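Notes for the one structure printed next.
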2 protein chains.
Amino acid sequence: MKTQLHLHQTHHTLADFDSIMKYAAENLQGESLHVFPELFLTGYPLQDLVLQRPFIEQYLSHQNDLHEWAKKMPKAAWRGLLGGLSFEMECQGTPKHIQNVIYEVIPGTGLKQLYTKRLLPNYDIFDEQKYFVPGNGNAFYEFNGELFGLQICEDMWASTFHQMDPCELMHTEVKEKNLKLSGIINLSASPFEAAKKKKRFERAKNISLLFGCPFIYVNRVGGEDEILFDGSSFIMAGSELVLELKTFENDSRCFELKSAQGQYDQKPVFRQENTWEGLFTPQIDNTQRPPVLNEWTDHECAEVLKGLQFGLQEYATKSGFKKFQIALSGGMDSALVLAIVKLSLKPGQSVEAIYMASQFSASASTELSVDMCHRLGIPLVHFPIKFLHAMVKNAFTQNFSEPFESLTDENVQSRLRGMLLYTRSNQTGSMVINTSNKSELAVGYSTQYGDSVGAISLLGDLYKTEVYRLASYINSHHGQMIPEGIIGRGPSAELRENQLDQDSLPPYIRLDAILEGILSYHFGKKQLLESGFSEEEVTKVLHLYLKSEYKRAQFCPILKVKAKSFGFGYRVPMSKNLNYQLN
Amino acid sequence: MKTQLHLHQTHHTLADFDSIMKYAAENLQGESLHVFPELFLTGYPLQDLVLQRPFIEQYLSHQNDLHEWAKKMPKAAWRGLLGGLSFEMECQGTPKHIQNVIYEVIPGTGLKQLYTKRLLPNYDIFDEQKYFVPGNGNAFYEFNGELFGLQICEDMWASTFHQMDPCELMHTEVKEKNLKLSGIINLSASPFEAAKKKKRFERAKNISLLFGCPFIYVNRVGGEDEILFDGSSFIMAGSELVLELKTFENDSRCFELKSAQGQYDQKPVFRQENTWEGLFTPQIDNTQRPPVLNEWTDHECAEVLKGLQFGLQEYATKSGFKKFQIALSGGMDSALVLAIVKLSLKPGQSVEAIYMASQFSASASTELSVDMCHRLGIPLVHFPIKFLHAMVKNAFTQNFSEPFESLTDENVQSRLRGMLLYTRSNQTGSMVINTSNKSELAVGYSTQYGDSVGAISLLGDLYKTEVYRLASYINSHHGQMIPEGIIGRGPSAELRENQLDQDSLPPYIRLDAILEGILSYHFGKKQLLESGFSEEEVTKVLHLYLKSEYKRAQFCPILKVKAKSFGFGYRVPMSKNLNYQLN
């Protein structure tokens, strides 16, 4: 018997109910089992939206429309499995309990609730236990005489810090009842991170081998502020990847399922030993001492680049921007941002660079900026800040008796640039793209309201060494977009004479590894010293990191390309005693 | 038999382990049962700190020190009940499970874990399910022959959206086993909000009546970024408040407990009908149509004022600032901020105002600013922006062909002021206090990186009408700090000729009620129209609100004085389809 699965890797804006329902009605047909992502009916993540009365009313009304539509359909062989919400309401019309569920769409009948998500992720960027109550049973679903196990996203990811493992619980029931499964179907809304696919494949392989049937994974596509959903849906049959959908694009594919029971060797029940570190991609190469970050492969660079382009376009499109504005400095970060934006441009979109030279700007900075814009055909406007800077400085030194320190003077330049950049952005109706990287954000090497401004940050989750890696990847694979002169320069903020980052920081290769230890591995001084870093560099970095947390609190959304978030999912109180970190 | 309770309403910085242990060792003595707040041993909220290895190590080491200290103590009648953490570790030294618990300190024995918090709040600003696993049993504790029921904070607050009610569960066990309780002891870390005490007293009264014994409540004091803990510990015996500790100050009080069993009429088991609206103080007076905000009583004004002064000082002290910097505009918001800062000043601290007139500043603005600073004895520095503003405007209109709209021009002025304010702050080493209010934040009537700058926001949780109310309270009770001319003026940003807020917004009394409907009651257009607001004003406000969410994403911490947070606890995705709100 042949069973046709239709995987719908959809891409819809949160709460765009009309277009979601239209897609469902147009695609539910034929003889397939149509599978849609987790919370297909609303988008994900919803956060406080699920508590808003207008959201709830619109959702319920559209869900009811879909129910009525399906009910009126003639009986047919097709079925749909789609993710949605289930509300239990208070008498006052506010939600008492909300569940993250799978609905079956049955022609001639309507919607039928099949399964409630059991494992609600609540770590890092995830807050599902804030909004949802978990389900407490397995669900098996029969289609065309074949039996499938149902899951939603995190249900596949049991680890040691979860209280239970839905795969294990389902497997127990399968064994007890001697069920023959034709597949495990997982409806997902799973965020992107570099090399995440590998993790998914590995886990899918294990699940497929455990149950002796294919693992069918349908993930959504979307960029929701800082969180990116890559799609990359797939079917894993044993150790074999038998179907793979596109990355960062909506996609829709049919797959003919062969009667698959017992075709794989079943492995013993396993429990995934995922710890906090296991969960967050091990980015550190521990074979070296002191350790260094693992360098991205070309494939990972390509993925991250695609993710950044996608995230930028998602944010811009949803905010209604068609023009981008970038402050070029002649340095690596702004050059990479400009290259990524250029690569992401769609018809009707444009980008403009602005170069704001100060008295400390090297002539090479000007030349390299001009060179880069010339190569890429991007208009470059010049707005020197020398005169404004001098005026502000003079006014302060003349009118006030307090000293005007070098740091104050550096901040004036940076904030004047922030103001001018935004004035130009106001004038042209463009969206300002932030150019800070993760290394400088983490140690506070940026000026609040100065170079840290922007609507969204492309490089905020990339360490400086990763910025260089991605730049070199782009130059190899997309033509020489970035002048070699920029890649070869020592990083400098150019806010005073002969300023070089490396004068006050450890070399970036070590700085980045130390920061990864702190940010993703929760390391403190002791663990960093044990890893082989020097006391001097560790103390320096910890000091800088601890006193810079307030700057991140007002930073723009950072496109997340790592497992451990450096944005919304990174939550550290600013007001605290610092001795525990420094002793 | 007399039993002495000693309530320790402590005030410690997060992770300041040395001072915490010192306080414990100095105070655990005599013949009392010493009761300390929830997570006394660490402070609260901890967020990701509980995952950091150095935090865990330091905590465990200090906890062990306390254990060893108590073990070495001679046997004595005193006992301690204090809140702390309990870690179950992975083999790799990272936490597998963490619990929020009560430890008993026993002289001659050491620390003994008694109880694990059952109800982990996970709504609004709370994220406890992210870090902690709940306990699953009641705990009764015997001291001096008397039996007490133990709770931690939220355990007392069961409501319809929680899955269970620890009070109910404890009461069931008390009835089944026919226990005689001498008190319910609740260790809390409960955030402040206007009129919160009333809620606590009401609930405490019910619990005391239910169990027929006093309810003993010990709450911490502290300002943790935007969250304020007011202390205000108390003992409620039946309907009688028999002990009340200070608000926003550490305090320590002894209380002699009379054998209290059965002295109150027992009421039937109750279940609190707390909905999302019930949880969040009903701020709207629904007897009027359209509704208006309830006006704060003098007592509530005094509480809120004390909270703002406290929160400011907490943030400043923990960040190491002794000087404050405020941009005065001649308007209401900055005047109120200046008055609050002045009232909060401690010896060795100072505040400076800066007045940055533009071509649109009315002469009255200058005079009122001068008048106010003169009254309060606060130095006022002048830094006119006319010339800088003209230069920037000229440069843009001359060098670029695009139009230079009025809004662009307004933003230039605001951002120049932001830059100058921070330059002065850099020069004097002062902390900039933000002056935005909740009404203008919600509708986006502020300029990003302009007047929205600051280290912390005092008025970000106060609607404009509440700003006026608090100003008038201060003038009545703290001398005429704010010139009447400022209170009587129509609000204006003074960024163009004759600009008045009321030209483009509904009157503040209606705007504020509409916003409270949206922000705290999750209302949409339908509910607002049903409440009696006009279609025109509702649509206008919803549009402004929806398109301004991106500004809040980069705003500074807002001192929280309301039940529903407008800061970290208010989580709305920016990228979404807006039709569900506007249709």
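Ordered as shown in the structure tokens, chains take letters A, B, and onward, while each chain numbers its residues from 1 and ligands are numbered from 1 in the order shown.
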
Can you list every residue of stretch 326-346 of chain B that has an atom at most 8 Å from stretch 355-361 of chain B, with its nearest atom pair and the distance in Å to one decimal, using only C-alpha atoms, ordered by chain then number, as CSV?
residue,atom,partner,partner_atom,distance
B:Ala327,CA,B:Tyr355,CA,5.9
B:Leu328,CA,B:Tyr355,CA,5.2
B:Ser329,CA,B:Tyr355,CA,6.3

Need the shell around A:Met332: protein/DNA/RNA residues with any atom at most 8 Å away, counting only C-alpha atoms. Skip same-chain ones fewer than 4 positions apart. Format as a PyMOL selection string? chain A and resi 336+467-468+486-487+491

For those residues, write C-alpha atoms to a file as a short mmCIF file (atom, residue, chain, number, x, y, z; two decimals), in the first residue's frame.
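Wrote result-v1.cif, looks like this:
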data_model
loop_
_atom_site.label_atom_id
_atom_site.label_comp_id
_atom_site.auth_asym_id
_atom_site.auth_seq_id
_atom_site.Cartn_x
_atom_site.Cartn_y
_atom_site.Cartn_z
CA LEU A 336 30.92 42.81 5.98
CA VAL A 467 33.45 38.18 11.07
CA TYR A 468 36.81 37.69 9.36
CA ILE A 486 40.05 46.10 4.79
CA ILE A 487 40.54 42.46 5.76
CA PRO A 491 40.87 46.66 13.99
#

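With only C-alpha atoms taken into account, the protein and nucleic acid residues at most 9 Å from B:Leu39 (excluding it and anything under 2 positions from it in its own chain) are Phe36, Pro37, Leu41, Thr42, Gly43, Tyr44, Pro45, Leu82, Gly83, Gly84, Leu85, Asn100, Val101, Ile102, Leu187, Ser188, Ala189 and Arg220 of chain B.
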
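Excluding stretch 164-181 of chain B itself and same-chain residues fewer than 4 positions from it, the residues having an atom within 7 Å of it are Asn138, Leu147, Phe148, Gly149, Asp155, Met156, Ala158, Phe211, Cys213, Gln261 and Val269 of chain B, counting only C-alpha atoms.
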
Residues just named, written with N, CA and C atoms as a PDB file, in the first residue's frame:
ATOM      1  N   ASN B 138       3.444  19.259  50.880  1.00  0.00           N
ATOM      2  CA  ASN B 138       3.355  20.256  51.939  1.00  0.00           C
ATOM      3  C   ASN B 138       4.523  20.078  52.890  1.00  0.00           C
ATOM      4  N   LEU B 147       3.424  23.962  65.729  1.00  0.00           N
ATOM      5  CA  LEU B 147       3.524  23.487  64.355  1.00  0.00           C
ATOM      6  C   LEU B 147       3.184  24.609  63.360  1.00  0.00           C
ATOM      7  N   PHE B 148       4.039  24.746  62.345  1.00  0.00           N
ATOM      8  CA  PHE B 148       3.834  25.788  61.339  1.00  0.00           C
ATOM      9  C   PHE B 148       3.763  25.174  59.938  1.00  0.00           C
ATOM     10  N   GLY B 149       2.918  25.734  59.118  1.00  0.00           N
ATOM     11  CA  GLY B 149       2.918  25.372  57.702  1.00  0.00           C
ATOM     12  C   GLY B 149       3.896  26.284  56.967  1.00  0.00           C
ATOM     13  N   ASP B 155       3.347  30.458  46.487  1.00  0.00           N
ATOM     14  CA  ASP B 155       2.504  29.394  47.055  1.00  0.00           C
ATOM     15  C   ASP B 155       1.212  29.951  47.652  1.00  0.00           C
ATOM     16  N   MET B 156       1.251  31.209  48.098  1.00  0.00           N
ATOM     17  CA  MET B 156       0.034  31.795  48.686  1.00  0.00           C
ATOM     18  C   MET B 156      -0.918  32.359  47.639  1.00  0.00           C
ATOM     19  N   ALA B 158      -2.359  31.175  44.715  1.00  0.00           N
ATOM     20  CA  ALA B 158      -3.031  30.316  43.736  1.00  0.00           C
ATOM     21  C   ALA B 158      -4.127  31.095  43.026  1.00  0.00           C
ATOM     22  N   PHE B 211      -7.051  28.752  58.002  1.00  0.00           N
ATOM     23  CA  PHE B 211      -6.302  27.819  58.854  1.00  0.00           C
ATOM     24  C   PHE B 211      -6.555  28.070  60.342  1.00  0.00           C
ATOM     25  N   CYS B 213      -5.136  30.419  62.132  1.00  0.00           N
ATOM     26  CA  CYS B 213      -3.867  30.738  62.800  1.00  0.00           C
ATOM     27  C   CYS B 213      -3.225  31.917  62.092  1.00  0.00           C
ATOM     28  N   GLN B 261      -4.066  28.558  68.193  1.00  0.00           N
ATOM     29  CA  GLN B 261      -4.946  27.613  67.512  1.00  0.00           C
ATOM     30  C   GLN B 261      -6.420  27.876  67.803  1.00  0.00           C
ATOM     31  N   VAL B 269     -13.065  26.125  52.700  1.00  0.00           N
ATOM     32  CA  VAL B 269     -11.975  26.161  51.729  1.00  0.00           C
ATOM     33  C   VAL B 269     -12.373  27.063  50.570  1.00  0.00           C
TER      34      VAL B 269
END

With only C-alpha atoms as the basis for distance, which of B:Lys576, B:Arg469, B:His34, B:His8 is at the shortest distance from chain A? B:Lys576

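Here the question is which of B:Tyr473, B:Tyr123, B:Tyr23, B:Tyr141 gets nearest to chain A using only C-alpha atoms, and that residue is B:Tyr123.
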
What's the 12 Å shell around A:Ser406, counting only C-alpha atoms, without same-chain residues fewer than 2 positions away, as a list of chain:residue names? A:Lys393, A:Pro403, A:Phe404, A:Thr408, A:Asp409, A:Glu410, A:Asn411, A:Val412, A:Gln413, A:Leu495, A:Arg496, A:Glu497, A:Gln499, B:Thr423, B:Asn426, B:Gln427
